[in-house]
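Have a look at the structure below before the remarks.
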Number of protein chains: 2
Amino acid sequence: MKWIRFILIALVFISGRTGLLAEEGMYPLTELDKLDLRKMGFELEAADIFSEGQTSLSDAVVKLGGCTGAFISAEGLILTNHHCSYGAVQKASNEENDYLKNGFIAQSAEEEVEAKGFTVRIVDSYKDVSQEVLSALHDTMSFQQKKQAIQKKEKEIIKRTEEENPGKRAEVSEMFRGEKYMLFIYTYIKDVRLVYVPPVALGEFGGDVDNWEWPRHTADFSLLRAYVAPDGSPADYAQDNVPFTPKKFLKVNPDGVEEEDFVFILGYPGRTYRHYTASYLDYEQNYRMPFIVDWDQKQISVMQEMSQMNRDVALKHSARIKGLANTEKNYRGKLTGLHRLNLVEKKRAQEKEIGKFIDNDDQLQKQYGQVLDDINKIYNEIKCAMEQELILSYLTRNIVLLNVAKSVVTSAEERQKEDLERQSAYMDRNFEQTKKSALRSVGDYYEPTDKILLKELISKANQRPADLKIEALDKIFRLKTNESPSEKYIDEAFSGTQLADKDFVEKAFNITPEEIAELNDPLINWYIKLKPEYEKIKKINEERNGALDALYAKWNEVKKLYLKKDFIPDANGTFRMTYGHIRGYSPRDAVYCLPITTLQGVVEKTTGQEPFNTPQNVIDLFYKKDFGRFKSANLDCIPVCLLYDMDTTGGNSGSPVLNARGELIGLNFDRTFEATINDYAWSETYSRSIGVDIRYILWIIEKVGGADHLIKEMEI
Amino acid sequence: MKWIRFILIALVFISGRTGLLAEEGMYPLTELDKLDLRKMGFELEAADIFSEGQTSLSDAVVKLGGCTGAFISAEGLILTNHHCSYGAVQKASNEENDYLKNGFIAQSAEEEVEAKGFTVRIVDSYKDVSQEVLSALHDTMSFQQKKQAIQKKEKEIIKRTEEENPGKRAEVSEMFRGEKYMLFIYTYIKDVRLVYVPPVALGEFGGDVDNWEWPRHTADFSLLRAYVAPDGSPADYAQDNVPFTPKKFLKVNPDGVEEEDFVFILGYPGRTYRHYTASYLDYEQNYRMPFIVDWDQKQISVMQEMSQMNRDVALKHSARIKGLANTEKNYRGKLTGLHRLNLVEKKRAQEKEIGKFIDNDDQLQKQYGQVLDDINKIYNEIKCAMEQELILSYLTRNIVLLNVAKSVVTSAEERQKEDLERQSAYMDRNFEQTKKSALRSVGDYYEPTDKILLKELISKANQRPADLKIEALDKIFRLKTNESPSEKYIDEAFSGTQLADKDFVEKAFNITPEEIAELNDPLINWYIKLKPEYEKIKKINEERNGALDALYAKWNEVKKLYLKKDFIPDANGTFRMTYGHIRGYSPRDAVYCLPITTLQGVVEKTTGQEPFNTPQNVIDLFYKKDFGRFKSANLDCIPVCLLYDMDTTGGNSGSPVLNARGELIGLNFDRTFEATINDYAWSETYSRSIGVDIRYILWIIEKVGGADHLIKEMEI
């Protein structure tokens with residue numbers, strides 16, 4: 001074993017020379033034909049991945065809520081993550097049929113149940129509309145006016161396109177800030193059904209403990225099916241709908257992969273910030289993220305304490321705690337990564353070089369000499385305003401009843417406007433969803449938690465220097481310098497409000513601003529008093545973002561000149577391809593993680609307690625070594641999860657992992673703790689993403705679920 | 001990297017065939033000349049390790065409190081762990097000179113300060129006294145009488161030997177239960193001084209978080225010096241004492257080791273239980289350890305809660321919490337290991353085979369046919385009595401004032417007896433220490449904690465079935481079935497007792513039983529009422545242990561017949577040798593740990609917060625790559641800690657790690673989480689121990705401490 005270090009070094013050396021290393025890159029469809037795919041390891045052409053008018057792999061890949069999914073049969077069978085269909089499974093469950101706990105198997109089409117609230121989005125086509133979007137701008141406009149003009153133009157394009165393409169949905173995506181805008185036309189399938197879901201003890205094995213961790217042992221998959229009207233057009237859920245026939249479905253390869261195999265991913269990564277400046281990263285690393293981590297930890301500890309006393313309260317808080325813990329761990333990972341990679345300093349060094357490059361050319365100096373300074377100035381403003389803005393934003397985000405107050409008041413105002421003029425959440429197409437989500441949060445409301453968190457935020461605001469106090473808060477809570485609000489005043493407001501009553505809230509969503517004012521509800525009144533602060537902040541931020549749009553467009557221009565090449569736009573929820581290898585890594589000194597885990601590891605981790613409560617039949621099958629044809633000969637076991645050095649981010653959940661021939665061999669669902677840094681930079685050392693091995697998925701479907709008909713449907 | 005798994009498998013295979021694998025075994029001095037040391041990898045002979053009358057490596061190895069240490073210079077310089085001299089450093093520190101926090105460097109002999117309470121024990125000789133010890137037994141004795149007879153005989157031998165060897169101390173160690181007893185004669189050096197101690201941020205780097213973990217990055221070392229009277233005889237601390245000249249000191253090898261190098265350890269491992277039966281292990285795994293883990297967690301959480309409110313309380317509880325956390329984690333590790341190795345089942349299978357072996361031979365059947373059944377019967381009794389006995393024992397161990405009450409009452413009684421007849425703690429040679437320790441615990445007493453823990457224990461006792469209630473407890477707390485004791489009654493007792501007063505306690509240690517009774521102290525009275533329960537338990541346990549002594553002696557006889565070989569006795573605090581290799585391991589699925597950590601890892605783990613607050617000069621030296629001659633060329637860094645597959649247990653702390661030529665290359669200080677199982681079995685897969693690399697020690701002394709004179713003294 002003394003050779004291991006040597007081999008690690010040797011391999012990095014060899015692979016560096018043969019081009020085996022992975023690269024940063026979430027390539028948009030527009031970039032594919034510029035790439036030499038063969039050289040990178042593909043056995044495919046660009047046209048096999050995407051080509052307009054022709055059938056290609058991309059036709060099998062869909063967007064499902066915030067996730068990605070892929071067709072894997074001719075009858076519209078879709079493979080995605082368990083955590084992506086979690087909400088639908090929860091909704092379909094009741095006390096009698098707890099599909100979350102027991103899993104769900106439809107033995108026939110008739111048994112498939114509606115996956116409520118799910119839509120499947122398929123790319124039809126795309127088009128560059130930068131010129132049209134930017135034509136809305138005039139030099140005389142302020143930055144805020146520019147931002148609004150662009151948003152309005154986007155809405156116009158969308159509306160027009162949807163009218164020209166009945167039944168389709170259109171979206172405009174900004175590829176480079178203030179510079180490049182693409183119009184995507186999508187087909188939306190609205191009837192989606194549950195087909196197979198493993199028990200949560202497998203599908204979420206490891207839960208929050210293992211979240212963002214490797215080695216992983218989670219069967220994070222589920223099978224859905226897309227349905228359309230008998231004539232093939234998208235339709236709402238209906239008895240006589242028929243399975244959708246996709247243009248293309250992915251071939252499932254039950255032989256899986258080995259270490260160092262070439263792999264690629266198609267999907268919808270959410271947001272990255274790689275082309276942002278050092279000043280932005282410094283703000284994130286040293287100000288925003290630490291502040292949020294601290295506040296999230298506070299919230300979690302308050303809710304955990306409340307939950308200890310009462311099972312009902314625990315249930316109300318569980319989803320919120322889970323969400324906060326997820327973010328908190330993600331941010332901690334990012335902070336670790338930023339420090340380890342010393343990214344701020346590296347960016348700063350590059351910016352210095354670009355600065356020299358600009359200074360050496362009078363023409364460039366004139367055109368770009370001020371850009372970076374101007375960007376930095378704005379981030380400095382953002383930094384100074386951060387605490388005030390975050391505290392105000394937490395008031396309506398984390399205090400449940402203030403959040404509801406905000407929705408109700410905003411609804412009353414927005415619903416007076418023309419549909420196109422409204423905030424997106426209050427447009428007709430989204431309004432029902434907005435209302436439902438408010439009612440759901442009323443259901444999870446627990447008064448003591450709301451009060452404690454409110455007092456915490458007020459005391460945070462109170463600790464600020466006297467000249468930076470938030471005026472409206474001072475007025476509402478009658479604060480004098482450094483005094484805490486009177487308990488009695490807060491108690492009275494909470495006992496006086498009707499916002500904890502669902503019927504009241506439902507009605508309040510459909511009344512006028514005048515009627516809202518007449519309610520004279522104490523919490524609604526608080527929000528109304530706070531509103532000018534939010535409007536002020538909104539205006540300032542539109543101004544800042546408008547300025548940043550223009551500045552980043554210029555900054556990217558000069559960066560391209562300096563680098564003498566185009567670069568890949570940041571992820572923005574549009575379709576992307578990334579490639580790499582099944583590859584281990586060293587997360588820390590003296591530890592090396594292998595890239596394929598096994599069923600042995602599932603059994604090792606099993607404690608019988610959530611989230612490590614493996615069903616007994618899985619343990620029995622393991623001890624019987626009943627692995628069938630899905631066993632890896634190398635590992636002498638069922639492979640469970642895969643690690644690879646591809647470039648992914650949130651939104652890539654549920655993305656198919658494909659081999660060089662475009663066959664499905666895994667299902668992406670997470671990144672390692674260190675790879676949360678992907679949002680800011682891709683690192684060859686630390687950027688590793690995590691998928692379920694297709695062999696574990698097939699083994700569970702066949703051996704654990706006994707759903708042979710699905711294996712047959714996948715043509716294995 | 002796809003080869004790594006292959007290499008791991010291949011290496012196990014190759015090394016298995018070439019005899020490179022380590023073996024179970026903490027070999028006593030008596031076994032050394034039976035071993036073929038060369039074949040095992042040594043470049044030494046048995047006589048180099050120990051030979052009576054001649055100088056050998058063992059003369060350099062000493063026992064220091066519960067730890068091991070080794071001479072590394074001709075002037076009595078001793079290397080041991082930081083955690084072994086922690087107490088002495090703490091006592092030598094004051095507000096002005098915080099040696100714990102800042103570390104301690106004596107630039108000359110004059111600056112060396114007393115290591116209070118420390119003695120250095122050196123083996124002079126040993127002798128088999130089994131015959132004499134066992135001669136005390138007569139067939140007519142009960143098991144309890146036998147146990148007492150052996151103890152008395154041991155005390156006689158010790159007293160006689162110490163009289164024959166003035167200035168020496170004697171000890172009788174039981175090598176096999178009821179079978180083999182060795183007399184050791186030791187030299188005790190009583191003047192020990194601190195020479196070099198790194199700052200606690202290095203010496204305890206990682207603290208409780210990293211305790212029992214690998215990869216490790218702790219500089220767990222310190223340097224002491226032994227002093228004797230000018231005539232060379234052991235003497236109490238005195239100004240004109242001179243450095244002790246050891247018969248032998250270890251040669252320090254600054255070149256260190258590489259992966260797979262042969263290594264061995266000399267030291268004083270505490271206790272192991274490898275020759276105990278499956279029924280004993282079952283009792284430990286399924287009854288005793290889970291009960292204790294549960295109670296320790298409860299105690300920790302109570303004390304942590306109390307500590308949150310008040311810094312003083314936190315200080316009082318910190319050592320207790322640390323101790324409990326250490327045991328709790330150790331037990332959790334053991335439970336994990338026992339389950340993973342399936343040890344109970346394996347032992348049971350072996351016992352079945354031995355059973356068949358016995359049944360096949362009439363003679364054996366007659367002699368040994370009942371032995372295992374009889375042992376199992378006793379463990380069954382122990383199991384049934386466990387809860388009651390543990391609750392009673394916790395009352396005087398975990399309720400501080402009841403513990404003090406017990407000491408005071410016992411002292412009054414024991415001090416009436418002849419010195420030899422007393423319990424060891426109350427014999428003249430130990431009495432001062434016993435009193436001091438009681439006064440120390442009074443200093444750490446915090447009433448609310450004592451009360452909560454007392455109530456918890458009473459409620460535990462209360463939950464037992466009516467017919468298994470503890471009579472004395474019922475009487476004291478006037479319990480009726482399932483009722484909690486009255487708060488008022490407990491409050492009155494705690495406000496009435498004087499045991500929280502040090503002066504009172506000190507006086508109480510020196511009075512008669514009658515005077516104790518006259519004090520009429522409520523807590524002392526509780527203990528007096530409980531005493532018959534303890535006496536009953538003591539008698540029963542002496543009975544059980546006497547029986548087990550005899551039964552285990554027989555069981556080991558037949559086991560030797562079955563195995564057709566002698567085997568190594570369990571560790572019992574006597575001098576042992578164990579050997580193996582610098583070797584990594586796979587603690588869990590898809591993770592491989594390398595066996596040498598680096599300074600890079602120290603910097604990676606550093607957060608600035610305890611216990612990861614590396615001093616800035618160490619970080620600066622790392623970034624300057626100022627590694628001097630202690631750098632490992634392979635790792636291009638300072639090696640920090642070592643992992644090896646040797647067979648160690650508690651008591652091996654501070655043991656020197658030696659290369660094949662007997663040169664010092666490391667300092668043992670811990671085991672991995674999985675290796676806590678060593679107490680019950682050695683496992684090639686999981687049994688790994690942890691040491692500080694000598695190169696890190698030397699680098700810190702030279703570069704961080706600037707103590708070049710010590711490097712010179714070690715002749716490097």
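Residues are referred to by chain and number: the chain letter is A, B, ... according to the order shown in the structure tokens, the number counts from 1 in that chain, and ligands are numbered separately from 1 in the order shown.
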Discussion item. Please check the contacts: residues of chain A at most 6 Å away from chain B, using only C-alpha atoms, listed as a ChimeraX atom specification.
Written reply: /A:2,259,589-594,597,601
Worksheet item: Near range 625-630 of chain B, within 12 Å and counting only C-alpha atoms, which residues show up once chain neighbours fewer than 5 positions away are dropped, as a PyMOL selection string?
Response: chain B and resi 253-257+598-600+617-620+635-640+665+693-704+716
Could you save those same residues with C-alpha atoms as a compact mmCIF listing (two decimals), in the first residue's frame?
```txt
# COMPACT_ATOMS: atom_id res chain seq x y z
CA ASN B 253 15.97 8.17 14.66
CA PRO B 254 15.13 11.50 12.99
CA ASP B 255 14.61 9.85 9.59
CA GLY B 256 11.30 8.33 10.68
CA VAL B 257 9.48 5.58 8.79
CA THR B 598 0.99 15.68 7.34
CA LEU B 599 1.27 19.25 8.54
CA GLN B 600 -0.93 20.15 5.57
CA ASN B 617 3.88 30.45 14.10
CA VAL B 618 3.16 26.83 13.11
CA ILE B 619 0.96 28.02 10.24
CA ASP B 620 3.61 30.51 9.16
CA LEU B 635 5.19 13.52 1.31
CA ASP B 636 7.04 16.78 0.69
CA CYS B 637 5.86 17.85 4.13
CA ILE B 638 6.35 17.25 7.85
CA PRO B 639 4.74 13.90 8.77
CA VAL B 640 2.49 14.36 11.80
CA ILE B 665 10.44 6.64 15.42
CA ASP B 693 5.67 10.76 14.22
CA ILE B 694 9.09 11.48 15.78
CA ARG B 695 9.75 13.93 12.95
CA TYR B 696 6.82 16.10 14.06
CA ILE B 697 8.06 15.95 17.66
CA LEU B 698 11.58 16.98 16.68
CA TRP B 699 10.33 19.67 14.29
CA ILE B 700 8.18 21.21 17.03
CA ILE B 701 11.01 21.10 19.59
CA GLU B 702 13.45 22.69 17.16
CA LYS B 703 11.40 25.00 14.93
CA VAL B 704 8.40 25.88 17.08
CA ILE B 716 20.66 13.96 16.78
```
Worksheet entry | Nearby residues (only C-alpha atoms) at most 12 Å from Ser307 in chain A, same-chain spacing under 3 positions excluded, as number ranges by chain | A: 300-304, 310-318, 320-321, 446, 448-449
Go ahead and write the residues just picked, all heavy atoms, as a short mmCIF file (atom, residue, chain, number, x, y, z; two decimals), in the first residue's frame.
```cif
data_model
loop_
_atom_site.label_atom_id
_atom_site.label_comp_id
_atom_site.auth_asym_id
_atom_site.auth_seq_id
_atom_site.Cartn_x
_atom_site.Cartn_y
_atom_site.Cartn_z
N ILE A 300 -32.72 27.04 13.43
CA ILE A 300 -32.80 25.60 13.62
C ILE A 300 -32.85 25.27 15.10
O ILE A 300 -33.67 24.47 15.55
CB ILE A 300 -31.58 24.89 12.95
CG1 ILE A 300 -31.68 25.01 11.43
CG2 ILE A 300 -31.52 23.42 13.36
CD1 ILE A 300 -30.44 24.52 10.68
N SER A 301 -31.99 25.93 15.89
CA SER A 301 -31.94 25.56 17.31
C SER A 301 -33.25 25.95 18.01
O SER A 301 -33.74 25.22 18.86
CB SER A 301 -30.70 26.14 17.99
OG SER A 301 -30.93 27.45 18.41
N VAL A 302 -33.83 27.09 17.62
CA VAL A 302 -35.13 27.47 18.20
C VAL A 302 -36.19 26.42 17.85
O VAL A 302 -36.92 25.92 18.72
CB VAL A 302 -35.58 28.86 17.70
CG1 VAL A 302 -37.05 29.11 18.02
CG2 VAL A 302 -34.71 29.95 18.31
N MET A 303 -36.25 26.05 16.58
CA MET A 303 -37.30 25.10 16.16
C MET A 303 -37.07 23.71 16.75
O MET A 303 -38.02 23.01 17.07
CB MET A 303 -37.37 25.06 14.64
CG MET A 303 -38.04 26.33 14.11
SD MET A 303 -38.53 26.17 12.39
CE MET A 303 -37.09 26.84 11.61
N GLN A 304 -35.78 23.33 16.88
CA GLN A 304 -35.52 22.01 17.49
C GLN A 304 -35.95 22.00 18.94
O GLN A 304 -36.51 21.01 19.41
CB GLN A 304 -34.04 21.67 17.37
CG GLN A 304 -33.71 21.05 16.02
CD GLN A 304 -32.22 20.82 15.84
OE1 GLN A 304 -31.41 21.43 16.53
NE2 GLN A 304 -31.87 19.97 14.89
N ASN A 310 -43.08 18.60 21.77
CA ASN A 310 -44.38 18.23 21.23
C ASN A 310 -44.24 17.66 19.83
O ASN A 310 -43.65 18.28 18.95
CB ASN A 310 -45.23 19.52 21.22
CG ASN A 310 -46.65 19.28 20.81
OD1 ASN A 310 -46.91 18.54 19.85
ND2 ASN A 310 -47.57 19.89 21.53
N ARG A 311 -44.82 16.49 19.62
CA ARG A 311 -44.71 15.80 18.33
C ARG A 311 -45.37 16.60 17.20
O ARG A 311 -44.86 16.66 16.10
CB ARG A 311 -45.36 14.42 18.48
CG ARG A 311 -45.45 13.61 17.21
CD ARG A 311 -44.18 12.84 16.92
NE ARG A 311 -44.25 12.25 15.59
CZ ARG A 311 -43.27 12.28 14.70
NH1 ARG A 311 -42.12 12.84 14.99
NH2 ARG A 311 -43.42 11.73 13.52
N ASP A 312 -46.51 17.25 17.49
CA ASP A 312 -47.20 18.04 16.48
C ASP A 312 -46.34 19.20 16.00
O ASP A 312 -46.25 19.47 14.80
CB ASP A 312 -48.51 18.63 17.06
CG ASP A 312 -49.65 17.65 16.89
OD1 ASP A 312 -49.44 16.61 16.22
OD2 ASP A 312 -50.73 17.93 17.43
N VAL A 313 -45.74 19.88 16.96
CA VAL A 313 -44.87 21.00 16.62
C VAL A 313 -43.69 20.49 15.80
O VAL A 313 -43.27 21.12 14.82
CB VAL A 313 -44.37 21.69 17.91
CG1 VAL A 313 -43.39 22.80 17.58
CG2 VAL A 313 -45.56 22.23 18.69
N ALA A 314 -43.17 19.33 16.17
CA ALA A 314 -42.04 18.74 15.44
C ALA A 314 -42.43 18.54 13.97
O ALA A 314 -41.67 18.86 13.06
CB ALA A 314 -41.62 17.43 16.08
N LEU A 315 -43.63 18.02 13.73
CA LEU A 315 -44.09 17.80 12.36
C LEU A 315 -44.21 19.11 11.60
O LEU A 315 -43.84 19.20 10.44
CB LEU A 315 -45.44 17.07 12.37
CG LEU A 315 -45.35 15.58 12.65
CD1 LEU A 315 -46.73 14.97 12.79
CD2 LEU A 315 -44.57 14.88 11.53
N LYS A 316 -44.74 20.14 12.27
CA LYS A 316 -44.89 21.44 11.62
C LYS A 316 -43.53 22.01 11.21
O LYS A 316 -43.41 22.68 10.20
CB LYS A 316 -45.56 22.43 12.58
CG LYS A 316 -47.06 22.23 12.68
CD LYS A 316 -47.67 23.24 13.62
CE LYS A 316 -49.19 23.07 13.62
NZ LYS A 316 -49.85 24.12 14.38
N HIS A 317 -42.52 21.78 12.06
CA HIS A 317 -41.21 22.39 11.80
C HIS A 317 -40.29 21.55 10.94
O HIS A 317 -39.27 22.04 10.48
CB HIS A 317 -40.50 22.67 13.13
CG HIS A 317 -41.09 23.83 13.90
ND1 HIS A 317 -41.93 24.74 13.31
CD2 HIS A 317 -40.97 24.22 15.19
CE1 HIS A 317 -42.30 25.65 14.20
NE2 HIS A 317 -41.74 25.35 15.36
N SER A 318 -40.64 20.25 10.73
CA SER A 318 -39.64 19.35 10.16
C SER A 318 -39.17 19.79 8.77
O SER A 318 -37.97 19.78 8.49
CB SER A 318 -40.15 17.91 10.13
OG SER A 318 -41.10 17.76 9.11
N ARG A 320 -39.20 22.81 7.46
CA ARG A 320 -38.41 24.05 7.56
C ARG A 320 -37.01 23.77 8.08
O ARG A 320 -36.03 24.29 7.55
CB ARG A 320 -39.09 25.04 8.50
CG ARG A 320 -40.04 25.99 7.79
CD ARG A 320 -40.89 26.75 8.80
NE ARG A 320 -40.27 27.97 9.27
CZ ARG A 320 -40.77 28.69 10.29
NH1 ARG A 320 -41.86 28.28 10.93
NH2 ARG A 320 -40.16 29.79 10.67
N ILE A 321 -36.93 22.92 9.11
CA ILE A 321 -35.61 22.58 9.66
C ILE A 321 -34.76 21.91 8.59
O ILE A 321 -33.59 22.23 8.39
CB ILE A 321 -35.75 21.65 10.89
CG1 ILE A 321 -36.34 22.43 12.07
CG2 ILE A 321 -34.41 21.05 11.28
CD1 ILE A 321 -36.60 21.60 13.31
N TYR A 446 -46.62 28.03 14.07
CA TYR A 446 -46.62 27.74 15.51
C TYR A 446 -46.24 29.03 16.24
O TYR A 446 -45.12 29.54 16.08
CB TYR A 446 -45.62 26.63 15.81
CG TYR A 446 -45.54 26.23 17.26
CD1 TYR A 446 -46.69 25.80 17.95
CD2 TYR A 446 -44.34 26.30 17.95
CE1 TYR A 446 -46.61 25.45 19.29
CE2 TYR A 446 -44.26 25.95 19.29
CZ TYR A 446 -45.40 25.53 19.95
OH TYR A 446 -45.33 25.18 21.28
N PRO A 448 -45.35 30.26 19.29
CA PRO A 448 -44.14 30.55 20.07
C PRO A 448 -42.89 30.70 19.20
O PRO A 448 -42.06 31.57 19.46
CB PRO A 448 -44.02 29.34 21.00
CG PRO A 448 -45.42 28.84 21.14
CD PRO A 448 -46.06 29.07 19.81
N THR A 449 -42.76 29.87 18.15
CA THR A 449 -41.60 29.99 17.27
C THR A 449 -41.60 31.35 16.57
O THR A 449 -40.57 32.05 16.53
CB THR A 449 -41.62 28.87 16.22
OG1 THR A 449 -41.62 27.62 16.90
CG2 THR A 449 -40.42 28.96 15.31
#
```
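One distance worth recording is that between CA of Gly443 in chain A and CA of Glu492 in chain A, which is 21.2 Å.
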Worksheet item: Among range 112-144 of chain B, which ones does DSSP place in helix (DSSP H, G or I), written as a ChimeraX atom specification?
Response: /B:130-134,143-144
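Residue nearest Asn102 in chain A within the list A:Gln308, A:Thr614, A:Asn380, A:Asn403: A:Thr614 [criterion: smallest interatomic distance, only C-alpha atoms].
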Item to complete: Work out how far CA of Asp647 in chain A is from CA of Thr277 in chain A, in Å to one decimal.
Response: 20.2 Å
